[in-house]
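Heads up, run-v3.csv below (CSV, C-alpha atoms):
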chain,number,residue,atom,x,y,z
A,26,MET,CA,20.8,3.9,-4.6
A,27,ALA,CA,17.8,6.0,-5.4
A,28,ALA,CA,15.4,3.2,-6.1
A,29,ASP,CA,16.0,0.8,-3.3
A,30,LEU,CA,14.4,-2.4,-2.1
A,31,ARG,CA,11.6,-0.4,-0.5
A,32,SER,CA,10.3,0.4,-4.0
A,33,VAL,CA,9.4,-2.2,-6.5
A,34,PRO,CA,11.4,-2.5,-9.8
A,35,ALA,CA,10.0,-1.5,-13.1
A,36,GLY,CA,11.0,-5.0,-14.2
A,37,ALA,CA,8.9,-6.0,-17.1
A,38,ILE,CA,8.1,-2.5,-18.2
A,39,PRO,CA,10.7,-0.8,-20.4
A,40,SER,CA,11.7,2.6,-19.0
A,41,ASP,CA,10.8,4.3,-22.2
A,42,ALA,CA,7.1,3.5,-21.7
A,43,THR,CA,6.5,7.0,-20.5
A,44,ALA,CA,3.2,8.5,-21.7
A,45,PRO,CA,3.7,11.1,-24.4
A,46,SER,CA,2.5,14.5,-23.4
A,47,ASP,CA,0.2,14.8,-26.5
A,48,ALA,CA,-1.8,11.7,-25.8
A,49,THR,CA,-5.4,12.3,-27.0
A,50,ALA,CA,-8.1,12.6,-24.4
A,51,PRO,CA,-11.5,11.0,-24.9
A,52,SER,CA,-13.9,12.9,-27.2
A,53,ASP,CA,-16.1,14.0,-24.3
A,54,ALA,CA,-13.1,15.6,-22.5
A,55,THR,CA,-13.8,19.0,-21.1
A,56,ALA,CA,-11.8,22.1,-21.4
A,57,ARG,CA,-11.9,22.9,-17.7
A,58,PRO,CA,-12.5,20.2,-15.2
A,59,GLY,CA,-14.8,22.5,-13.2
A,60,ASP,CA,-17.2,22.9,-16.1
A,61,GLY,CA,-19.6,20.2,-17.3
A,62,GLY,CA,-19.6,20.1,-21.2
A,63,GLY,CA,-17.2,18.3,-23.6
A,64,ALA,CA,-14.9,19.9,-26.2
A,65,GLY,CA,-12.8,17.0,-27.4
A,66,LEU,CA,-9.5,18.6,-26.6
A,67,PRO,CA,-6.2,16.7,-26.4
A,68,ALA,CA,-5.0,15.8,-23.0
A,69,SER,CA,-2.1,18.2,-23.3
A,70,ALA,CA,-4.6,21.0,-23.4
A,71,LEU,CA,-6.1,19.7,-20.2
A,72,ALA,CA,-2.8,20.0,-18.3
A,73,MET,CA,-3.5,19.4,-14.7
A,74,PRO,CA,-2.9,22.4,-12.5
A,75,VAL,CA,-0.4,21.6,-9.7
A,76,ARG,CA,-2.2,20.6,-6.5
A,77,SER,CA,-5.5,20.0,-8.3
A,78,VAL,CA,-7.4,16.8,-8.3
A,79,GLY,CA,-7.8,17.5,-12.1
A,80,LEU,CA,-11.2,15.9,-12.8
A,81,PRO,CA,-14.5,17.6,-13.7
A,82,ALA,CA,-16.5,18.6,-10.6
A,83,ASP,CA,-19.5,16.6,-11.9
A,84,ASP,CA,-17.4,13.5,-12.1
A,85,LEU,CA,-16.1,14.0,-8.6
A,86,ASP,CA,-19.6,14.6,-7.3
A,87,ARG,CA,-20.8,11.4,-8.9
A,88,ALA,CA,-18.0,9.3,-7.3
A,89,VAL,CA,-18.5,11.0,-3.9
A,90,THR,CA,-22.3,10.6,-4.1
A,91,ALA,CA,-21.9,6.9,-4.9
A,92,PHE,CA,-19.6,6.5,-1.9
A,93,MET,CA,-22.0,8.3,0.5
A,94,ALA,CA,-24.9,6.3,-0.9
A,95,ALA,CA,-23.0,3.1,0.0
A,96,SER,CA,-22.4,4.4,3.5
A,97,PRO,CA,-25.8,5.2,4.9
A,98,VAL,CA,-26.1,6.2,8.6
A,99,SER,CA,-28.1,3.0,9.2
A,100,ARG,CA,-25.1,0.9,8.3
A,101,ARG,CA,-22.5,2.7,10.2
A,102,TRP,CA,-20.9,1.3,13.3
A,103,ASP,CA,-19.2,2.8,16.3
A,104,VAL,CA,-16.5,1.7,18.7
A,105,GLU,CA,-18.5,2.3,21.8
A,106,ARG,CA,-21.6,0.3,21.1
A,107,ASP,CA,-20.9,-2.4,18.5
A,108,PHE,CA,-18.4,-4.7,20.2
A,109,ASP,CA,-18.5,-6.8,23.4
A,110,TRP,CA,-15.3,-5.3,24.8
A,111,ALA,CA,-15.7,-7.2,28.1
A,112,ALA,CA,-15.2,-10.5,26.2
A,113,ALA,CA,-12.0,-9.4,24.4
A,114,ASP,CA,-9.3,-11.8,25.3
A,115,ALA,CA,-5.8,-11.8,23.8
A,116,ASN,CA,-5.1,-15.2,25.4
A,117,ARG,CA,-7.1,-16.6,22.5
A,118,LEU,CA,-4.5,-15.3,20.0
A,119,THR,CA,-1.2,-16.7,19.0
A,120,ASP,CA,1.9,-14.6,19.4
A,121,GLY,CA,1.9,-13.9,15.7
A,122,GLN,CA,-1.7,-12.7,15.8
A,123,ARG,CA,-1.0,-10.4,18.7
A,124,SER,CA,1.9,-9.1,16.8
A,125,ALA,CA,-0.4,-8.5,13.8
A,126,VAL,CA,-2.8,-6.5,15.9
A,127,ARG,CA,0.0,-4.3,17.1
A,128,PHE,CA,1.2,-3.8,13.6
A,129,ILE,CA,-2.2,-2.9,12.1
A,130,THR,CA,-2.8,-0.5,15.0
A,131,PHE,CA,0.3,1.4,14.0
A,132,ILE,CA,-0.8,1.5,10.4
A,133,GLU,CA,-4.3,2.7,11.2
A,134,ASP,CA,-3.2,5.1,13.8
A,135,HIS,CA,-1.0,7.0,11.3
A,136,LEU,CA,-4.2,8.6,9.9
A,137,PRO,CA,-3.2,12.2,10.7
A,138,GLY,CA,-0.2,11.7,8.3
A,139,TYR,CA,-2.4,10.3,5.6
A,140,PHE,CA,-5.0,13.0,6.0
A,141,ALA,CA,-2.4,15.7,6.0
A,142,LEU,CA,-1.0,14.3,2.7
A,143,TYR,CA,-4.3,14.6,1.0
A,144,GLY,CA,-4.7,18.1,2.5
A,145,SER,CA,-1.4,19.3,1.1
A,146,ARG,CA,-1.8,17.5,-2.2
A,147,PHE,CA,-5.3,19.0,-2.8
A,148,PRO,CA,-5.2,22.2,-0.7
A,149,LEU,CA,-8.2,24.3,0.3
A,150,ASP,CA,-6.7,27.7,1.3
A,151,ALA,CA,-6.4,31.3,0.3
A,152,ASP,CA,-3.4,30.5,-2.0
A,153,THR,CA,-5.6,28.2,-4.0
A,154,ASP,CA,-7.2,29.6,-7.1
A,155,VAL,CA,-11.0,29.2,-7.4
A,156,GLU,CA,-10.9,26.7,-10.2
A,157,THR,CA,-8.6,24.4,-8.2
A,158,PHE,CA,-10.4,25.0,-4.9
A,159,LEU,CA,-13.7,24.1,-6.5
A,160,LEU,CA,-12.4,20.7,-7.5
A,161,ASN,CA,-10.5,20.0,-4.3
A,162,ARG,CA,-13.5,20.9,-2.3
A,163,GLU,CA,-15.4,18.1,-4.0
A,164,ILE,CA,-12.8,15.5,-3.1
A,165,TYR,CA,-12.7,16.8,0.5
A,166,HIS,CA,-16.3,15.6,0.9
A,167,PHE,CA,-14.9,12.1,0.6
A,168,THR,CA,-11.6,12.7,2.4
A,169,VAL,CA,-13.2,14.0,5.5
A,170,ARG,CA,-15.6,11.0,5.7
A,171,TRP,CA,-12.9,8.6,4.9
A,172,ALA,CA,-10.7,10.0,7.6
A,173,GLN,CA,-13.5,9.7,10.1
A,174,GLU,CA,-13.9,6.0,9.3
A,175,GLU,CA,-10.2,5.4,9.4
A,176,ASP,CA,-10.0,7.1,12.7
A,177,SER,CA,-12.7,4.7,14.0
A,178,HIS,CA,-10.4,1.9,12.9
A,179,ALA,CA,-7.5,3.3,14.9
A,180,ARG,CA,-9.8,3.7,17.9
A,181,ALA,CA,-11.2,0.2,17.6
A,182,LEU,CA,-7.8,-1.4,17.4
A,183,PHE,CA,-6.5,0.7,20.3
A,184,ARG,CA,-9.5,-0.3,22.4
A,185,TYR,CA,-9.1,-4.0,21.5
A,186,GLN,CA,-5.4,-3.9,22.5
A,187,VAL,CA,-6.4,-2.4,25.9
A,188,GLU,CA,-9.5,-4.5,26.6
A,189,SER,CA,-7.9,-7.8,25.5
A,190,GLY,CA,-4.8,-7.3,27.6
A,191,ILE,CA,-2.3,-6.8,24.8
A,192,SER,CA,-1.2,-3.4,26.1
A,193,ALA,CA,-2.1,-0.8,28.7
A,194,ALA,CA,-3.6,2.4,27.5
A,195,GLY,CA,-0.8,4.8,28.6
A,196,PRO,CA,2.2,3.0,27.1
A,197,LEU,CA,0.3,2.2,23.9
A,198,ARG,CA,-0.8,5.8,23.5
A,199,ARG,CA,2.8,7.0,23.8
A,200,GLU,CA,4.1,4.2,21.5
A,201,LEU,CA,1.6,5.3,18.8
A,202,ALA,CA,2.4,8.9,19.3
A,203,GLU,CA,6.1,8.3,18.8
A,204,GLU,CA,5.4,6.8,15.4
A,205,GLY,CA,2.4,8.9,14.6
A,206,ARG,CA,4.3,12.2,14.7
A,207,LYS,CA,6.6,11.1,11.9
A,208,ARG,CA,5.9,12.6,8.5
A,209,PHE,CA,4.1,10.5,5.9
A,210,SER,CA,4.9,11.1,2.3
A,211,LEU,CA,4.4,9.4,-1.1
A,212,PRO,CA,6.5,9.9,-4.3
A,213,HIS,CA,3.5,10.2,-6.6
A,214,GLU,CA,3.2,13.5,-8.4
A,215,HIS,CA,0.2,12.6,-10.6
A,216,PRO,CA,-3.1,12.5,-8.8
A,217,ALA,CA,-4.1,9.4,-10.7
A,218,ALA,CA,-1.1,7.6,-9.2
A,219,LEU,CA,-2.0,8.8,-5.7
A,220,PHE,CA,-5.5,7.3,-6.1
A,221,ALA,CA,-4.1,4.2,-7.7
A,222,TYR,CA,-1.7,3.8,-4.8
A,223,THR,CA,-4.6,4.2,-2.3
A,224,LEU,CA,-6.7,1.8,-4.3
A,225,VAL,CA,-4.0,-0.9,-3.9
A,226,GLN,CA,-3.5,0.0,-0.2
A,227,GLU,CA,-7.3,-0.2,0.6
A,228,LYS,CA,-7.6,-3.5,-1.2
A,229,ALA,CA,-4.5,-4.9,0.4
A,230,THR,CA,-5.8,-3.9,3.8
A,231,GLN,CA,-9.2,-5.4,3.1
A,232,ILE,CA,-7.7,-8.7,2.0
A,233,TYR,CA,-5.4,-8.7,5.0
A,234,TYR,CA,-8.2,-8.1,7.5
A,235,GLN,CA,-10.3,-10.8,5.9
A,236,ASN,CA,-7.5,-13.3,6.1
A,237,LEU,CA,-6.6,-12.4,9.6
A,238,LYS,CA,-10.2,-12.6,10.7
A,239,ALA,CA,-10.4,-16.2,9.3
A,240,VAL,CA,-7.6,-17.4,11.6
A,241,VAL,CA,-8.0,-15.5,14.9
A,242,GLY,CA,-9.5,-17.2,17.9
A,243,ASP,CA,-11.0,-14.2,19.6
A,244,PRO,CA,-14.5,-13.5,18.2
A,245,VAL,CA,-14.3,-9.9,19.4
A,246,LEU,CA,-11.2,-9.3,17.2
A,247,ALA,CA,-12.9,-11.2,14.4
A,248,GLU,CA,-15.8,-8.8,14.5
A,249,VAL,CA,-13.5,-5.7,14.6
A,250,LEU,CA,-11.7,-7.0,11.6
A,251,ASN,CA,-15.0,-7.7,9.9
A,252,ARG,CA,-16.1,-4.1,10.3
A,253,LEU,CA,-12.8,-2.8,9.2
A,254,SER,CA,-12.6,-4.9,6.1
A,255,ARG,CA,-16.1,-3.9,5.0
A,256,ASP,CA,-15.1,-0.2,5.3
A,257,GLU,CA,-11.9,-0.8,3.4
A,258,ALA,CA,-14.0,-2.5,0.6
A,259,ARG,CA,-16.1,0.7,0.2
A,260,HIS,CA,-12.9,2.8,0.2
A,261,PHE,CA,-11.5,0.6,-2.5
A,262,THR,CA,-14.7,1.1,-4.6
A,263,PHE,CA,-14.4,4.8,-4.3
A,264,MET,CA,-10.7,4.7,-5.4
A,265,ALA,CA,-11.6,2.4,-8.2
A,266,ASP,CA,-14.2,5.0,-9.4
A,267,MET,CA,-11.6,7.7,-9.3
A,268,VAL,CA,-9.0,5.7,-11.3
A,269,GLU,CA,-11.7,4.8,-13.8
A,270,THR,CA,-12.6,8.4,-14.1
A,271,TYR,CA,-9.0,9.4,-14.8
A,272,LEU,CA,-8.8,6.8,-17.5
A,273,HIS,CA,-12.0,7.9,-19.1
A,274,ARG,CA,-10.8,11.5,-19.1
A,275,TYR,CA,-7.1,11.2,-19.9
A,276,GLY,CA,-6.9,7.8,-21.6
A,277,ASP,CA,-3.6,6.1,-22.0
A,278,ALA,CA,-1.7,9.1,-20.6
A,279,VAL,CA,-2.5,8.0,-17.0
A,280,VAL,CA,-1.6,4.3,-17.4
A,281,GLU,CA,2.1,5.1,-16.8
A,282,PRO,CA,1.5,6.9,-13.5
A,283,ILE,CA,-0.8,4.1,-12.5
A,284,ARG,CA,1.9,1.6,-13.3
A,285,GLU,CA,4.3,3.6,-11.2
A,286,ALA,CA,1.9,3.4,-8.3
A,287,ILE,CA,2.4,-0.4,-8.4
A,288,ALA,CA,6.1,-0.3,-9.3
A,289,GLN,CA,6.8,1.9,-6.3
A,290,PHE,CA,4.2,0.3,-4.0
A,291,ARG,CA,5.1,-0.1,-0.4
A,292,MET,CA,2.8,-0.2,2.7
A,293,PRO,CA,2.6,2.9,4.8
A,294,LEU,CA,5.3,3.4,7.4
A,295,ALA,CA,7.8,1.4,5.5
A,296,ASP,CA,10.2,4.3,5.8
A,297,THR,CA,9.5,5.3,9.4
A,298,LEU,CA,8.7,2.3,11.5
A,299,ARG,CA,11.9,0.7,12.8
A,300,GLY,CA,12.2,-3.0,11.8
A,301,TYR,CA,9.2,-2.5,9.6
A,302,TRP,CA,10.0,-4.9,6.9
A,303,ARG,CA,10.8,-8.0,9.0
A,304,TRP,CA,7.6,-7.3,11.0
A,305,ALA,CA,5.6,-6.9,7.8
A,306,LEU,CA,6.8,-10.2,6.4
A,307,ARG,CA,6.0,-12.0,9.6
A,308,ILE,CA,2.5,-10.6,9.9
A,309,ALA,CA,1.8,-11.4,6.2
A,310,ASP,CA,2.6,-15.0,6.9
A,311,THR,CA,0.4,-15.0,10.0
A,312,ALA,CA,-2.6,-14.3,7.8
A,313,HIS,CA,-1.5,-16.2,4.7
A,314,TYR,CA,-1.5,-12.9,2.9
A,315,ASP,CA,-0.2,-12.2,-0.6
A,316,HIS,CA,0.1,-8.5,-1.3
A,317,THR,CA,0.1,-8.9,-5.1
A,318,GLU,CA,-3.6,-10.0,-5.0
A,319,ALA,CA,-4.4,-6.3,-4.6
A,320,TYR,CA,-2.4,-5.5,-7.8
A,321,GLU,CA,-4.7,-7.7,-9.8
A,322,HIS,CA,-7.7,-5.7,-8.7
A,323,LEU,CA,-6.1,-2.5,-10.0
A,324,VAL,CA,-5.6,-4.1,-13.4
A,325,ARG,CA,-9.2,-5.2,-13.5
A,326,VAL,CA,-10.2,-1.6,-12.8
A,327,VAL,CA,-8.0,-0.4,-15.7
A,328,ARG,CA,-9.3,-3.0,-18.1
A,329,ARG,CA,-12.9,-2.2,-17.2
A,330,ALA,CA,-12.3,1.5,-17.9
A,331,VAL,CA,-10.7,1.2,-21.3
A,332,ASP,CA,-12.6,0.0,-24.4
A,333,ALA,CA,-9.6,-1.2,-26.3
A,334,PRO,CA,-6.5,-2.1,-24.2
A,335,SER,CA,-3.4,-0.4,-25.5
A,336,ASP,CA,0.2,-1.7,-25.3
A,337,ARG,CA,0.6,0.2,-22.1
A,338,VAL,CA,-2.4,-1.5,-20.5
A,339,ASP,CA,-1.1,-4.9,-21.7
A,340,GLU,CA,2.3,-4.1,-20.2
A,341,LEU,CA,0.7,-3.2,-16.9
A,342,ASP,CA,-1.2,-6.4,-17.0
A,343,HIS,CA,2.0,-8.3,-17.9
A,344,PHE,CA,3.9,-6.7,-15.0
A,345,VAL,CA,1.2,-7.6,-12.5
A,346,ARG,CA,1.0,-11.2,-13.8
A,347,ALA,CA,4.8,-11.5,-13.4
A,348,CYS,CA,4.5,-10.5,-9.8
A,349,ARG,CA,1.6,-12.8,-9.3
A,350,ALA,CA,3.3,-15.8,-10.9
A,351,LEU,CA,5.8,-16.1,-8.1
A,352,PRO,CA,5.1,-18.1,-5.0
A,353,ALA,CA,3.3,-15.9,-2.4
A,354,ASP,CA,4.8,-17.3,0.7
A,355,SER,CA,8.1,-18.9,-0.2
A,356,ARG,CA,9.9,-19.1,3.1
B,2,MET,CA,37.2,-18.3,11.2
B,3,SER,CA,37.6,-18.3,7.4
B,4,ILE,CA,34.7,-17.1,5.4
B,5,ASP,CA,34.0,-18.8,2.0
B,6,ALA,CA,33.0,-15.7,-0.1
B,7,ASP,CA,32.4,-17.8,-3.2
B,8,GLY,CA,30.3,-20.2,-1.3
B,9,ILE,CA,28.2,-17.3,0.0
B,10,VAL,CA,27.6,-16.0,-3.5
B,11,ARG,CA,26.7,-19.5,-4.7
B,12,GLN,CA,24.2,-20.0,-1.9
B,13,ILE,CA,22.6,-16.6,-2.3
B,14,THR,CA,22.2,-17.3,-6.0
B,15,GLU,CA,20.4,-20.5,-5.1
B,16,ILE,CA,18.1,-18.6,-2.6
B,17,VAL,CA,17.3,-15.9,-5.2
B,18,ALA,CA,16.5,-18.5,-7.8
B,19,ALA,CA,14.2,-20.4,-5.4
B,20,GLU,CA,12.5,-17.3,-4.0
B,21,LEU,CA,12.0,-15.6,-7.4
B,22,GLY,CA,11.2,-18.6,-9.5
B,23,VAL,CA,14.1,-18.3,-11.9
B,24,THR,CA,16.9,-20.7,-12.8
B,25,VAL,CA,20.3,-20.5,-11.2
B,26,ASP,CA,21.9,-20.4,-14.6
B,27,SER,CA,20.0,-17.2,-15.4
B,28,LEU,CA,21.7,-15.4,-12.5
B,29,VAL,CA,25.2,-14.0,-12.2
B,30,PRO,CA,26.7,-12.1,-9.2
B,31,ASP,CA,26.0,-8.7,-10.9
B,32,THR,CA,22.4,-9.5,-11.7
B,33,ASP,CA,20.2,-6.5,-10.8
B,34,LEU,CA,17.8,-8.0,-8.3
B,35,ARG,CA,15.2,-5.4,-9.1
B,36,GLY,CA,15.4,-6.2,-12.8
B,37,ILE,CA,14.2,-9.8,-12.3
B,38,GLU,CA,10.7,-10.0,-13.7
B,39,GLY,CA,8.0,-10.1,-11.0
B,40,ALA,CA,10.5,-9.4,-8.3
B,41,ASP,CA,8.8,-6.6,-6.3
B,42,SER,CA,10.0,-5.2,-3.1
B,43,VAL,CA,8.2,-7.6,-0.8
B,44,ARG,CA,9.6,-10.6,-2.7
B,45,LEU,CA,13.1,-9.2,-2.6
B,46,LEU,CA,12.8,-8.7,1.2
B,47,ARG,CA,11.8,-12.3,1.4
B,48,VAL,CA,15.1,-13.1,-0.2
B,49,VAL,CA,16.9,-11.1,2.4
B,50,ALA,CA,14.9,-12.7,5.2
B,51,LYS,CA,15.9,-16.2,3.9
B,52,VAL,CA,19.6,-15.1,3.7
B,53,GLU,CA,19.4,-13.8,7.3
B,54,GLN,CA,17.9,-17.1,8.4
B,55,THR,CA,20.5,-19.2,6.5
B,56,TRP,CA,23.5,-17.5,8.1
B,57,ASP,CA,21.8,-16.5,11.3
B,58,VAL,CA,22.7,-12.8,11.0
B,59,GLU,CA,20.6,-9.7,11.2
B,60,LEU,CA,21.5,-7.1,8.6
B,61,GLU,CA,21.1,-3.4,9.2
B,62,ASP,CA,18.2,-1.7,7.4
B,63,ASP,CA,20.5,0.6,5.6
B,64,GLU,CA,22.5,-2.3,4.2
B,65,VAL,CA,19.3,-4.2,3.2
B,66,PHE,CA,18.0,-1.3,1.3
B,67,GLY,CA,21.3,-0.5,-0.2
B,68,VAL,CA,21.9,-3.7,-2.0
B,69,SER,CA,21.0,-4.1,-5.7
B,70,SER,CA,22.8,-7.4,-6.7
B,71,ILE,CA,23.7,-10.8,-5.5
B,72,ALA,CA,27.3,-9.7,-5.1
B,73,ASP,CA,26.2,-6.7,-2.9
B,74,LEU,CA,24.1,-9.0,-0.7
B,75,ALA,CA,27.0,-11.4,-0.4
B,76,LYS,CA,29.3,-8.5,0.7
B,77,VAL,CA,27.0,-7.4,3.5
B,78,VAL,CA,26.5,-11.0,4.7
B,79,THR,CA,30.3,-11.5,4.6
B,80,ALA,CA,30.8,-8.3,6.6
B,81,ALA,CA,28.1,-9.4,9.1
B,82,LEU,CA,29.8,-12.8,9.6
B,83,GLN,CA,33.2,-11.1,10.1
B,84,VAL,CA,31.7,-8.9,12.8
B,85,GLN,CA,30.1,-12.0,14.4
B,86,ALA,CA,33.4,-13.8,14.4
B,87,ALA,CA,35.4,-11.0,15.8

Re-express the file's structure as structure tokens.
Amino acid sequence: MAADLRSVPAGAIPSDATAPSDATAPSDATARPGDGGGAGLPASALAMPVRSVGLPADDLDRAVTAFMAASPVSRRWDVERDFDWAAADANRLTDGQRSAVRFITFIEDHLPGYFALYGSRFPLDADTDVETFLLNREIYHFTVRWAQEEDSHARALFRYQVESGISAAGPLRRELAEEGRKRFSLPHEHPAALFAYTLVQEKATQIYYQNLKAVVGDPVLAEVLNRLSRDEARHFTFMADMVETYLHRYGDAVVEPIREAIAQFRMPLADTLRGYWRWALRIADTAHYDHTEAYEHLVRVVRRAVDAPSDRVDELDHFVRACRALPADSR
Amino acid sequence: MSIDADGIVRQITEIVAAELGVTVDSLVPDTDLRGIEGADSVRLLRVVAKVEQTWDVELEDDEVFGVSSIADLAKVVTAALQVQAA
């Protein structure tokens, strides 16, 4: 079947809840995202060019600037100096915790795939018209910094595995390469859905790292997880800013793609990593982790962005509440 | 070894009800698992994990991701048990 268990069912939301194409944009909507002023045009007149981030450059600049301001050089960390690697000891971990470290290393190390996806979705090349390039260039300021931070996560986890005795560098490098070379893709056509997906992903990862940190017995790993979760929190904030900006600009018309991002949500590598789902369930239990907690954060962002929640927003809320109402860890 | 197909359907129904927080009476063999309110992919995979644990079988990923109803799940479990018994 097309929509299999890897993707979440629409469930509570009727399939005819698709946003009409003539939904009205906010009154300050601009005719061309690259320009600054408002013209009050309907959203249909603001059709998003294919492969464009589709938001005004000024809005993008504001979100990127906020992210950069929250990431001053003085607060950055690096793999080489900020951890007591000599003290790393995997003997202080349970089998489940060691397995969790291996799992999250695969996830973080797949960065080239994630980065390539953003590059192909928001291209910056000679085939891109100036208007689209101008907008995509703004988002690239974030993407490249985000990638640098995520790459540090991959390196920190690699180093932890080696220094703590979980794995030797050579076999680990090869193991990661075998998975890392596999193509990463997402089904989301609408850029708002892509950012909503990433919002959930960043929040889910942040929560998972915090939960795992709370139970691991090795302080070196706890510090690594602490650094990673703080980065993921900043990434989440940026994604939340983006989702809010889409809602301000396009209104109700983007609620449906945002809902789809939840309905189809699955963690990265669900399609590529062999035995992924059993492993994912085990490591979730290791850290007492409930993935639906991240959904709720998305709904909060949506509610914050809309002045008067529509039926679509209420349906999104209802859907998430239905997911949340079930036992998190019902083994 | 004889396999009680009806018994498998009944037990899977009970597992689905328990894992997804619905009543057994609200489920039939053809119930679309993805249509149960709040049943996202992770929760459905927890159902499959519980089923595997109950019958001590390991289902193929293609089978796991191919099922959409209790009856489908019962079929793949039955097939796995037959292979095991052979």

**Request:** List every protein, DNA or RNA residue that has an atom no more than 9 Å from (21.6, -14.1, 1.5) in the file's coordinate frame, counting only C-alpha atoms, and report them as number ranges by chain.
**Result:** B: 9-10, 12-14, 16-17, 48-56, 71, 74-75, 77-78

Handout entry: Non-local contacts of region 320-331 of chain A (7 Å; all atoms listed in the file; under 2 positions in same chain excluded) as a list of chain:residue names
Key = A:Val225, A:Ala265, A:Glu269, A:Leu272, A:His273, A:Thr317, A:Glu318, A:Ala333, A:Pro334, A:Asp342, A:Val345

Counting only C-alpha atoms, which residues of chain B fall within 6 Å of chain A, and what is the closest atom pair for each with its distance in Å at one decimal, ordered by chain and rising number, as CSV?
residue,atom,partner,partner_atom,distance
B:Arg35,CA,A:Pro34,CA,4.8
B:Gly36,CA,A:Gly36,CA,4.8
B:Glu38,CA,A:Gly36,CA,5.0
B:Gly39,CA,A:Cys348,CA,3.7
B:Asp41,CA,A:Val33,CA,4.4
B:Ser42,CA,A:Val33,CA,4.6
B:Phe66,CA,A:Leu30,CA,5.1

At a cut-off of 12 Å, using only C-alpha atoms, what residues contact Ser124 (chain A)? Leave out same-chain residues fewer than 2 positions from it and give the result as a VMD selection string.
chain A and resid 115 118 to 122 126 to 131 186 191 to 192 237 241 303 to 312

Pick out the residues sitting within 10 Å of Arg11 (chain B), and hand them over as JSON, numbers by chain; count all atoms listed in the file, and ignore anything fewer than 4 positions along from it in its own chain.
{"B": [5, 6, 7, 15, 16, 25, 29, 30, 71, 72, 75]}

Q.
So, with all atoms listed in the file as the atoms that count, which of A:Leu80, A:Ala194, A:Ser177, A:Val240 lies closest to Arg117 (chain A)?
A.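 Ranked by minimum distance to Arg117 (chain A), first place goes to A:Val240.
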
**Message:** Residues within 12 Å of Asn251 (chain A), please, as a ChimeraX atom specification. Count all atoms listed in the file; anything in the same chain fewer than 2 positions from it doesn't count.
**Reply:** /A:102,107-108,178,181,230-239,241,244-249,253-258

*Find the residues near Val84 (chain B): any atom within 12 Å, counting all atoms listed in the file, skip ones fewer than 2 places away on the same chain, and give them as a list in words.*
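Using all atoms listed in the file, the neighbours found are Met2, Ile4, Val58, Glu59, Leu60, Val77, Val78, Thr79, Ala80, Ala81, Leu82, Ala86 and Ala87 of chain B.
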
One decimal place gives the CA of Asp73 (chain B)-CA of Leu211 (chain A) separation as 27.2 Å

Q) Between A:Gly190, A:Gly79, A:Gly205, A:Pro148, which is the closest to Leu294 (chain A) once you count only C-alpha atoms? A)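 Using only C-alpha atoms, the shortest distance to Leu294 (chain A) belongs to A:Gly205.
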